[in-house]
Amino acid sequence: MSNAIVVTSQGQVVTGVDQFSNGLSTYLTELGLPSSNVLVPVTERSRVINNLPEVISLVDSNQRTTSIYLSKFIAACGAGLFDAALNFIWDETVVNLRKKVAKFDLEYFYDSVVTDENRRKKLKDEEDLVKLDEWELVRGCHLTGILSDIGYKHLDYIRDMRNWASAAHPNQNDLTGFQLISWLETCIREVIGKEPEGPAIEIKRFLGSIRNNVLTASDAMPINAGIEHLPSDLGTSLLRTLFGMYTGNGVNAQLKNNIKLVCSTAWNISPDEVKYECGFKYATFASNGEIERRDSAREFLTVVNGLPFLPSDTLAVELSEKITNLYNAHIGFNNFHNEPSHARILDSYVSSTGSVPDSVRKAYVKTIVMSKIGNGHGVSSMAISYYDNMLQKFGESEIKEFVSLVMDREFASRIALSSCRNNYKALANYFLPRTTNQITIQAIQSINQATDQQLPNLGKDSRYKQLIASYAQ
């Protein structure tokens, strides 16, 4: 008998798939097991198989030889298990993102995505990437520029579908062949077949120079010029990394001198939220008795004129932790189950007047509103009463932050989902009679008048940006 390998054509694959389906259905029936709605129809599988060659050609030939989950994806599609196939698309994407992060700059990545000091200490090398939740990996790649805005938006949607419509969470969701092939193409174009570019590469170069060279003021000039042109989100990530490097234990004097030459520029382009975060870390070092790190943090804040961002009391530190806990619960797996306890604890920290420190207001409003409008699949029913209690305490300052949320990239991505968009507009109508500020009233009217397509992009509208900027005048 010959052991020669027979090359099968695309048409033969489709025919073989049909024969396999009929045989398997018969076998399941003989075993007394369900045979209906187990495998997707052959016509749907054919749509994937017929489009695969062109989509797979987008992957570099050398890279294809190690893309094991792409092979499993094709096998699952052929077998008619589209829920498993969606899992394999996601697994290949996650593996590829981890490889990109490992080749990029691990310290910068960890500092950007993990703000909890105790947890950050446990993340040191490539092996520790698996300790991050997958949503943290995707968000971190977005924050550091490894993923583009459009790539993040698509991947966040695919991750959501993977969580709710794949074999990871058994259900009866129907997936079509065109959906699967489209998601595969998105993952290949935005992650598997794409390398970091533009500002992300610039940051890698900046950090390499800061760590490995002896810089002078003239050497720092082009670095500072480059930092000034970074997008705000990347500037935020860079500032977190510079602060983390400066306040590490046993940092040599040369590295500190290099950081001093560029940190003020990174500080000036970053939003107040991350500046207060640096202040929180100073307070954390002090309360933990980490004298060397506390002194380094104060030194850093002095260099950048950031001492006014030190927290006035421990309430801000406590609130920041509770807000982060609720945010992580909302974004992570099993959010409907995990949110209530964190929402209850956070609600207990907010006084009857609803007053919260300035330093946490932005994060507080964003987290409560994101949790209240849901994730596209609903809202945690056991947590709603806590969210409503905190929302009814919103004053003028919190409502100002509410109308500014459309300018936040992550929030804008969220309200691209129909149910979230409708819930956000409902909240806008709830706050309208509670404000007398004319700027806020105009902003809410703009939110209500925006179409479904316009609302996710309202924060980029020059007139709306000018309206929000007038708060500071």
# chains A, B, ... in the order shown; residues from 1 in each chain; ligands from 1
$ select_by_dssp --residues "range 119-224 of chain A" --states "helix (DSSP H, G or I)" --output "number ranges by chain"
A: 119-120, 126-131, 134-143, 149-165, 177-192, 199-212, 217-224
$ closest_atom_pairs --of "range 337-398 of chain A" --to "range 430-440 of chain A" --cutoff "10 Å" --atoms "only C-alpha atoms" --output "JSON lines"
{"residue": "A:Leu391", "atom": "CA", "partner": "A:Phe431", "partner_atom": "CA", "distance": 9.2}
{"residue": "A:Gln392", "atom": "CA", "partner": "A:Phe431", "partner_atom": "CA", "distance": 8.9}
{"residue": "A:Phe394", "atom": "CA", "partner": "A:Phe431", "partner_atom": "CA", "distance": 8.7}
{"residue": "A:Gly395", "atom": "CA", "partner": "A:Thr435", "partner_atom": "CA", "distance": 8.2}
{"residue": "A:Glu396", "atom": "CA", "partner": "A:Thr435", "partner_atom": "CA", "distance": 6.4}
{"residue": "A:Ser397", "atom": "CA", "partner": "A:Thr435", "partner_atom": "CA", "distance": 9.9}
$ residues_around --residues "range 213-222 of chain A" --least-positions-apart "6" --cutoff "12 Å" --atoms "only C-alpha atoms" --output "list in words"
Glu202, Arg205, Phe206, Leu207, Glu228, His229, Asn252, Ala253, Gln254, Leu255, Lys256, Asn257, Asn258, Ile259, Lys260, Leu261, Val262, Cys263, Ser264 and Thr265 of chain A
$ atom_distance --atom1 "CA of Gly140 in chain A" --atom2 "CA of Ala266 in chain A"
18.5 Å
$ residues_around --residues "range 321-338 of chain A" --least-positions-apart "2" --cutoff "8 Å" --atoms "only C-alpha atoms" --output "PyMOL selection string"
chain A and resi 133+135+317-319+340-343+345-346+363-364+367+371+379-382
$ residues_around --residues "Met407 in chain A" --least-positions-apart "5" --cutoff "10 Å" --atoms "only C-alpha atoms" --output "list in words"
Ala412, Pro456, Asn457, Leu458, Gly459, Lys460, Asp461, Tyr464, Lys465 and Ile468 of chain A
$ closest_residue --among "A:Gly289, A:Gly235, A:Gly145, A:Pro53" --to "Trp267 in chain A" --atoms "only C-alpha atoms"
A:Gly235
$ closest_residue --among "A:Val403, A:Ile203, A:Leu137, A:Leu310" --to "Lys99 in chain A" --atoms "only C-alpha atoms"
A:Leu137
$ atom_distance --atom1 "CA of Phe82 in chain A" --atom2 "CA of Leu175 in chain A"
6.5 Å
$ residues_around --residues "His142 in chain A" --least-positions-apart "3" --cutoff "9 Å" --atoms "only C-alpha atoms" --output "VMD selection string"
chain A and resid 137 to 139 145 to 149 151 to 152 233 to 234
$ closest_residue --among "A:Val42, A:Cys141, A:Cys278, A:Leu58" --to "Leu239 in chain A" --atoms "only C-alpha atoms"
A:Cys278
$ residues_around --residues "Glu127 in chain A" --least-positions-apart "3" --cutoff "12 Å" --atoms "only C-alpha atoms" --output "mmCIF file with N, CA, C and O atoms, in the first residue's frame"
data_model
loop_
_atom_site.group_PDB
_atom_site.id
_atom_site.type_symbol
_atom_site.label_atom_id
_atom_site.label_comp_id
_atom_site.auth_asym_id
_atom_site.auth_seq_id
_atom_site.Cartn_x
_atom_site.Cartn_y
_atom_site.Cartn_z
ATOM 1 N N ARG A 98 1.347 38.781 22.354
ATOM 2 C CA ARG A 98 2.375 38.546 23.375
ATOM 3 C C ARG A 98 3.774 38.563 22.765
ATOM 4 O O ARG A 98 4.715 39.096 23.361
ATOM 5 N N LYS A 99 3.917 37.994 21.579
ATOM 6 C CA LYS A 99 5.223 38.005 20.907
ATOM 7 C C LYS A 99 5.638 39.435 20.564
ATOM 8 O O LYS A 99 6.799 39.813 20.719
ATOM 9 N N VAL A 101 4.681 42.215 22.090
ATOM 10 C CA VAL A 101 5.016 42.921 23.332
ATOM 11 C C VAL A 101 6.412 42.515 23.795
ATOM 12 O O VAL A 101 7.215 43.368 24.214
ATOM 13 N N ALA A 102 6.718 41.217 23.733
ATOM 14 C CA ALA A 102 8.023 40.727 24.199
ATOM 15 C C ALA A 102 9.162 41.340 23.382
ATOM 16 O O ALA A 102 10.235 41.634 23.919
ATOM 17 N N LEU A 106 9.097 45.504 27.300
ATOM 18 C CA LEU A 106 8.258 44.932 28.361
ATOM 19 C C LEU A 106 8.031 45.892 29.517
ATOM 20 O O LEU A 106 6.913 46.001 30.038
ATOM 21 N N LYS A 122 5.323 42.113 40.441
ATOM 22 C CA LYS A 122 5.362 40.683 40.099
ATOM 23 C C LYS A 122 5.511 40.436 38.603
ATOM 24 O O LYS A 122 5.630 39.298 38.174
ATOM 25 N N LEU A 123 5.495 41.493 37.817
ATOM 26 C CA LEU A 123 5.586 41.371 36.365
ATOM 27 C C LEU A 123 6.952 41.854 35.908
ATOM 28 O O LEU A 123 7.248 43.047 35.973
ATOM 29 N N LYS A 124 7.772 40.930 35.448
ATOM 30 C CA LYS A 124 9.155 41.281 35.144
ATOM 31 C C LYS A 124 9.603 40.906 33.735
ATOM 32 O O LYS A 124 10.353 41.655 33.113
ATOM 33 N N VAL A 130 1.509 36.026 30.600
ATOM 34 C CA VAL A 130 0.328 35.171 30.757
ATOM 35 C C VAL A 130 -0.441 35.503 32.030
ATOM 36 O O VAL A 130 -1.586 35.064 32.202
ATOM 37 N N LYS A 131 0.171 36.279 32.938
ATOM 38 C CA LYS A 131 -0.520 36.671 34.168
ATOM 39 C C LYS A 131 -1.522 37.799 33.920
ATOM 40 O O LYS A 131 -2.348 38.090 34.785
ATOM 41 N N LEU A 132 -1.431 38.421 32.743
ATOM 42 C CA LEU A 132 -2.370 39.486 32.393
ATOM 43 C C LEU A 132 -3.628 38.879 31.784
ATOM 44 O O LEU A 132 -3.552 37.946 30.980
#
